[in-house]
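**Q** Following this message is one structure expressed as structure tokens.
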Amino acid sequence: MKMNSVDKQMNRGEFLRDLGMSSAALMAFYCMGTLTACSSKSDDPSPSTGGTGTTPSSGITGNANTGSGAINFKLDLTDSNFSKLKTAGQYVIVGSVIVAKIKNGSVVALSKACTHQGTDVQYRSGQDDMYCPNHGSEFSTTGAVEVGPATSPLTQYKTALSTDGNTLTVTA
Ligand code: FES
């Protein structure tokens, strides 16, 4: 079969798929070339940006899942996945943590799971609080319950911004 010039410009993924590699094999192949972008499930922070439903794969290092060791991760605020955290009123969900730049300009990090039934909370910039859309619990930006049915606070993590303002460290 004759190929035109467009057909010849097959990218690496298409090429490998054409070779019949499984998605797991493809992932292993990609990991060989980009070690920092791949990690085991246990330390995969599986971050997602609040409100957009996307899953960033860059701009984060460390552990953001409480189920597998202490929270300890860094966000690169120059990365487009997390640069929104330089703007008050914005938030992202990273693993099991919600990170928000609150009204007063500081950055807070709290466990994202509502203590009522585990739904992800959201940061509401207008109210400057954390809100659970499931049954309406409200938490302060330090995690304290303000409105039930939740009765226990969200866990608060420590945040530290580098002097250049480009790296945010979150620790237990
Ligand atoms: S799960 Fe959050 S209020 Fe019920």
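Ligands are numbered from 1 in the order shown, residues from 1 within each chain, and chains are lettered A, B, ... in the order they appear in the structure tokens.
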Which residues of chain A sit at most 6 Å from ligand 1, using only C-alpha atoms and all ligand atoms? Give each one's shortest atom pair and distance in Å (one decimal place), in chain and ascending residue order, as JSON lines.
**A**
{"residue": "A:Cys114", "atom": "CA", "partner": "ligand 1", "partner_atom_place_in_ligand_line": "2 (Fe)", "distance": 4.6}
{"residue": "A:His116", "atom": "CA", "partner": "ligand 1", "partner_atom_place_in_ligand_line": "1 (S)", "distance": 4.6}
{"residue": "A:Gln117", "atom": "CA", "partner": "ligand 1", "partner_atom_place_in_ligand_line": "1 (S)", "distance": 3.8}
{"residue": "A:Gly118", "atom": "CA", "partner": "ligand 1", "partner_atom_place_in_ligand_line": "1 (S)", "distance": 5.1}
{"residue": "A:Thr119", "atom": "CA", "partner": "ligand 1", "partner_atom_place_in_ligand_line": "1 (S)", "distance": 4.7}
{"residue": "A:Cys132", "atom": "CA", "partner": "ligand 1", "partner_atom_place_in_ligand_line": "2 (Fe)", "distance": 4.6}
{"residue": "A:Asn134", "atom": "CA", "partner": "ligand 1", "partner_atom_place_in_ligand_line": "2 (Fe)", "distance": 5.0}
{"residue": "A:His135", "atom": "CA", "partner": "ligand 1", "partner_atom_place_in_ligand_line": "3 (S)", "distance": 3.8}
{"residue": "A:Gly136", "atom": "CA", "partner": "ligand 1", "partner_atom_place_in_ligand_line": "3 (S)", "distance": 4.9}
{"residue": "A:Ser137", "atom": "CA", "partner": "ligand 1", "partner_atom_place_in_ligand_line": "3 (S)", "distance": 4.3}
{"residue": "A:Pro149", "atom": "CA", "partner": "ligand 1", "partner_atom_place_in_ligand_line": "3 (S)", "distance": 5.6}
{"residue": "A:Ala150", "atom": "CA", "partner": "ligand 1", "partner_atom_place_in_ligand_line": "3 (S)", "distance": 5.7}
**Q** Any idea what's packed within 7 Å of range 67-84 of chain A, counting only C-alpha atoms, ignoring anything in its chain fewer than 3 positions away? Could you give it as a list in words?
**A**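 The residues that qualify are Ser42, Pro56, Gly59, Ile60, Thr61, Gly62, Asn63, Ala64, Thr87, Gln90, Asn166, Thr167, Leu168, Thr169, Val170, Thr171 and Ala172 of chain A.
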**Q** To one decimal in Å, tell me the separation between CA of Ser125 in chain A and CA of Gly165 in chain A.
**A**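 Calculated distance between CA of Ser125 in chain A and CA of Gly165 in chain A is 21.1 Å.
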**Q** Provide the CA of Glu138 in chain A to CA of Ser152 in chain A distance in Å, to one decimal place.
**A** 11.0 Å
**Q** Closest to Val145 in chain A among A:Asn65, A:Ala100, A:Tyr131, A:Val94, using only C-alpha atoms?
**A**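 Using only C-alpha atoms, the shortest distance to Val145 in chain A belongs to A:Tyr131.
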**Q** Interatomic distance between CA of Lys101 in chain A and CA of Asp129 in chain A?
**A**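 Atom-to-atom, CA of Lys101 in chain A and CA of Asp129 in chain A are spaced 11.1 Å apart.
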**Q** I need the strand (DSSP E or B) residues of range 40-151 of chain A per DSSP on the backbone, written as an NGL selection string.
**A** :A and (48-49 or 60-63 or 72-76 or 91-94 or 97-101 or 107-111 or 113 or 120 or 122-124 or 129-131 or 138-139 or 145-147)
**Q** Could you turn the residues from that selection into a file that holds N, CA and C atoms, as a compact mmCIF listing (two decimals), in the first residue's frame?
**A**
# COMPACT_ATOMS: atom_id res chain seq x y z
N SER A 48 -6.06 16.13 40.56
CA SER A 48 -7.02 16.64 39.59
C SER A 48 -7.33 18.07 39.96
N THR A 49 -7.58 18.88 38.97
CA THR A 49 -7.86 20.27 39.25
C THR A 49 -9.31 20.43 39.63
N ILE A 60 3.95 17.83 39.99
CA ILE A 60 3.84 17.32 41.36
C ILE A 60 4.88 16.25 41.61
N THR A 61 5.46 16.29 42.82
CA THR A 61 6.36 15.21 43.26
C THR A 61 5.97 14.86 44.69
N GLY A 62 6.10 13.59 45.05
CA GLY A 62 5.85 13.18 46.42
C GLY A 62 4.55 12.42 46.58
N ASN A 63 4.12 12.32 47.83
CA ASN A 63 2.97 11.49 48.18
C ASN A 63 1.78 12.34 48.63
N ASN A 72 3.16 14.23 51.93
CA ASN A 72 4.39 15.00 51.77
C ASN A 72 4.62 15.17 50.27
N PHE A 73 4.22 16.32 49.75
CA PHE A 73 4.40 16.52 48.30
C PHE A 73 4.68 17.98 47.99
N LYS A 74 5.20 18.17 46.80
CA LYS A 74 5.51 19.52 46.33
C LYS A 74 4.77 19.77 45.03
N LEU A 75 4.25 20.98 44.89
CA LEU A 75 3.61 21.39 43.65
C LEU A 75 4.44 22.48 43.00
N ASP A 76 4.65 22.32 41.71
CA ASP A 76 5.36 23.33 40.93
C ASP A 76 4.34 24.35 40.43
N TYR A 91 -8.54 26.64 43.60
CA TYR A 91 -8.14 25.45 44.33
C TYR A 91 -7.90 24.29 43.39
N VAL A 92 -7.16 23.31 43.87
CA VAL A 92 -6.97 22.06 43.12
C VAL A 92 -7.13 20.90 44.11
N ILE A 93 -7.47 19.75 43.56
CA ILE A 93 -7.48 18.53 44.38
C ILE A 93 -6.31 17.69 43.92
N VAL A 94 -5.49 17.30 44.88
CA VAL A 94 -4.28 16.54 44.60
C VAL A 94 -4.33 15.29 45.47
N VAL A 97 -5.99 15.35 48.95
CA VAL A 97 -5.87 16.68 49.57
C VAL A 97 -6.50 17.75 48.67
N ILE A 98 -7.18 18.71 49.30
CA ILE A 98 -7.63 19.89 48.58
C ILE A 98 -6.71 21.04 48.96
N VAL A 99 -6.17 21.71 47.96
CA VAL A 99 -5.24 22.82 48.19
C VAL A 99 -5.90 24.07 47.63
N ALA A 100 -6.01 25.11 48.46
CA ALA A 100 -6.71 26.31 48.01
C ALA A 100 -5.93 27.56 48.39
N LYS A 101 -5.96 28.53 47.48
CA LYS A 101 -5.44 29.86 47.81
C LYS A 101 -6.65 30.64 48.27
N VAL A 107 -2.14 29.94 51.43
CA VAL A 107 -2.52 28.68 50.79
C VAL A 107 -2.77 27.66 51.89
N VAL A 108 -3.93 27.01 51.84
CA VAL A 108 -4.26 25.99 52.84
C VAL A 108 -4.38 24.63 52.16
N ALA A 109 -4.14 23.58 52.94
CA ALA A 109 -4.28 22.21 52.45
C ALA A 109 -5.04 21.41 53.50
N LEU A 110 -6.11 20.75 53.07
CA LEU A 110 -6.96 19.98 53.97
C LEU A 110 -7.28 18.64 53.32
N SER A 111 -7.66 17.66 54.14
CA SER A 111 -8.14 16.41 53.56
C SER A 111 -9.39 16.72 52.76
N ALA A 113 -11.81 14.66 51.74
CA ALA A 113 -12.99 13.83 51.95
C ALA A 113 -13.84 14.38 53.09
N ASP A 120 -15.93 14.51 48.02
CA ASP A 120 -14.92 15.56 47.88
C ASP A 120 -15.53 16.93 48.20
N GLN A 122 -15.32 21.15 48.20
CA GLN A 122 -14.90 22.17 47.24
C GLN A 122 -14.61 23.45 48.01
N TYR A 123 -13.67 24.25 47.48
CA TYR A 123 -13.44 25.55 48.09
C TYR A 123 -14.39 26.55 47.44
N ARG A 124 -15.12 27.29 48.28
CA ARG A 124 -16.00 28.33 47.75
C ARG A 124 -15.37 29.68 48.06
N ASP A 129 -14.87 29.23 52.27
CA ASP A 129 -14.98 28.03 53.09
C ASP A 129 -14.89 26.77 52.23
N MET A 130 -14.92 25.62 52.88
CA MET A 130 -14.96 24.34 52.18
C MET A 130 -16.39 23.82 52.28
N TYR A 131 -16.90 23.36 51.15
CA TYR A 131 -18.31 22.98 51.08
C TYR A 131 -18.44 21.57 50.53
N GLU A 138 -20.40 22.31 55.80
CA GLU A 138 -19.48 23.41 55.54
C GLU A 138 -18.37 23.37 56.57
N PHE A 139 -17.17 23.66 56.10
CA PHE A 139 -15.98 23.65 56.97
C PHE A 139 -15.25 24.98 56.79
N VAL A 145 -15.69 22.15 61.48
CA VAL A 145 -17.08 22.04 61.01
C VAL A 145 -17.82 23.33 61.35
N GLU A 146 -18.48 23.88 60.34
CA GLU A 146 -19.30 25.07 60.57
C GLU A 146 -20.79 24.74 60.45
N VAL A 147 -21.07 23.81 59.52
CA VAL A 147 -22.45 23.36 59.33
C VAL A 147 -22.42 21.86 59.09
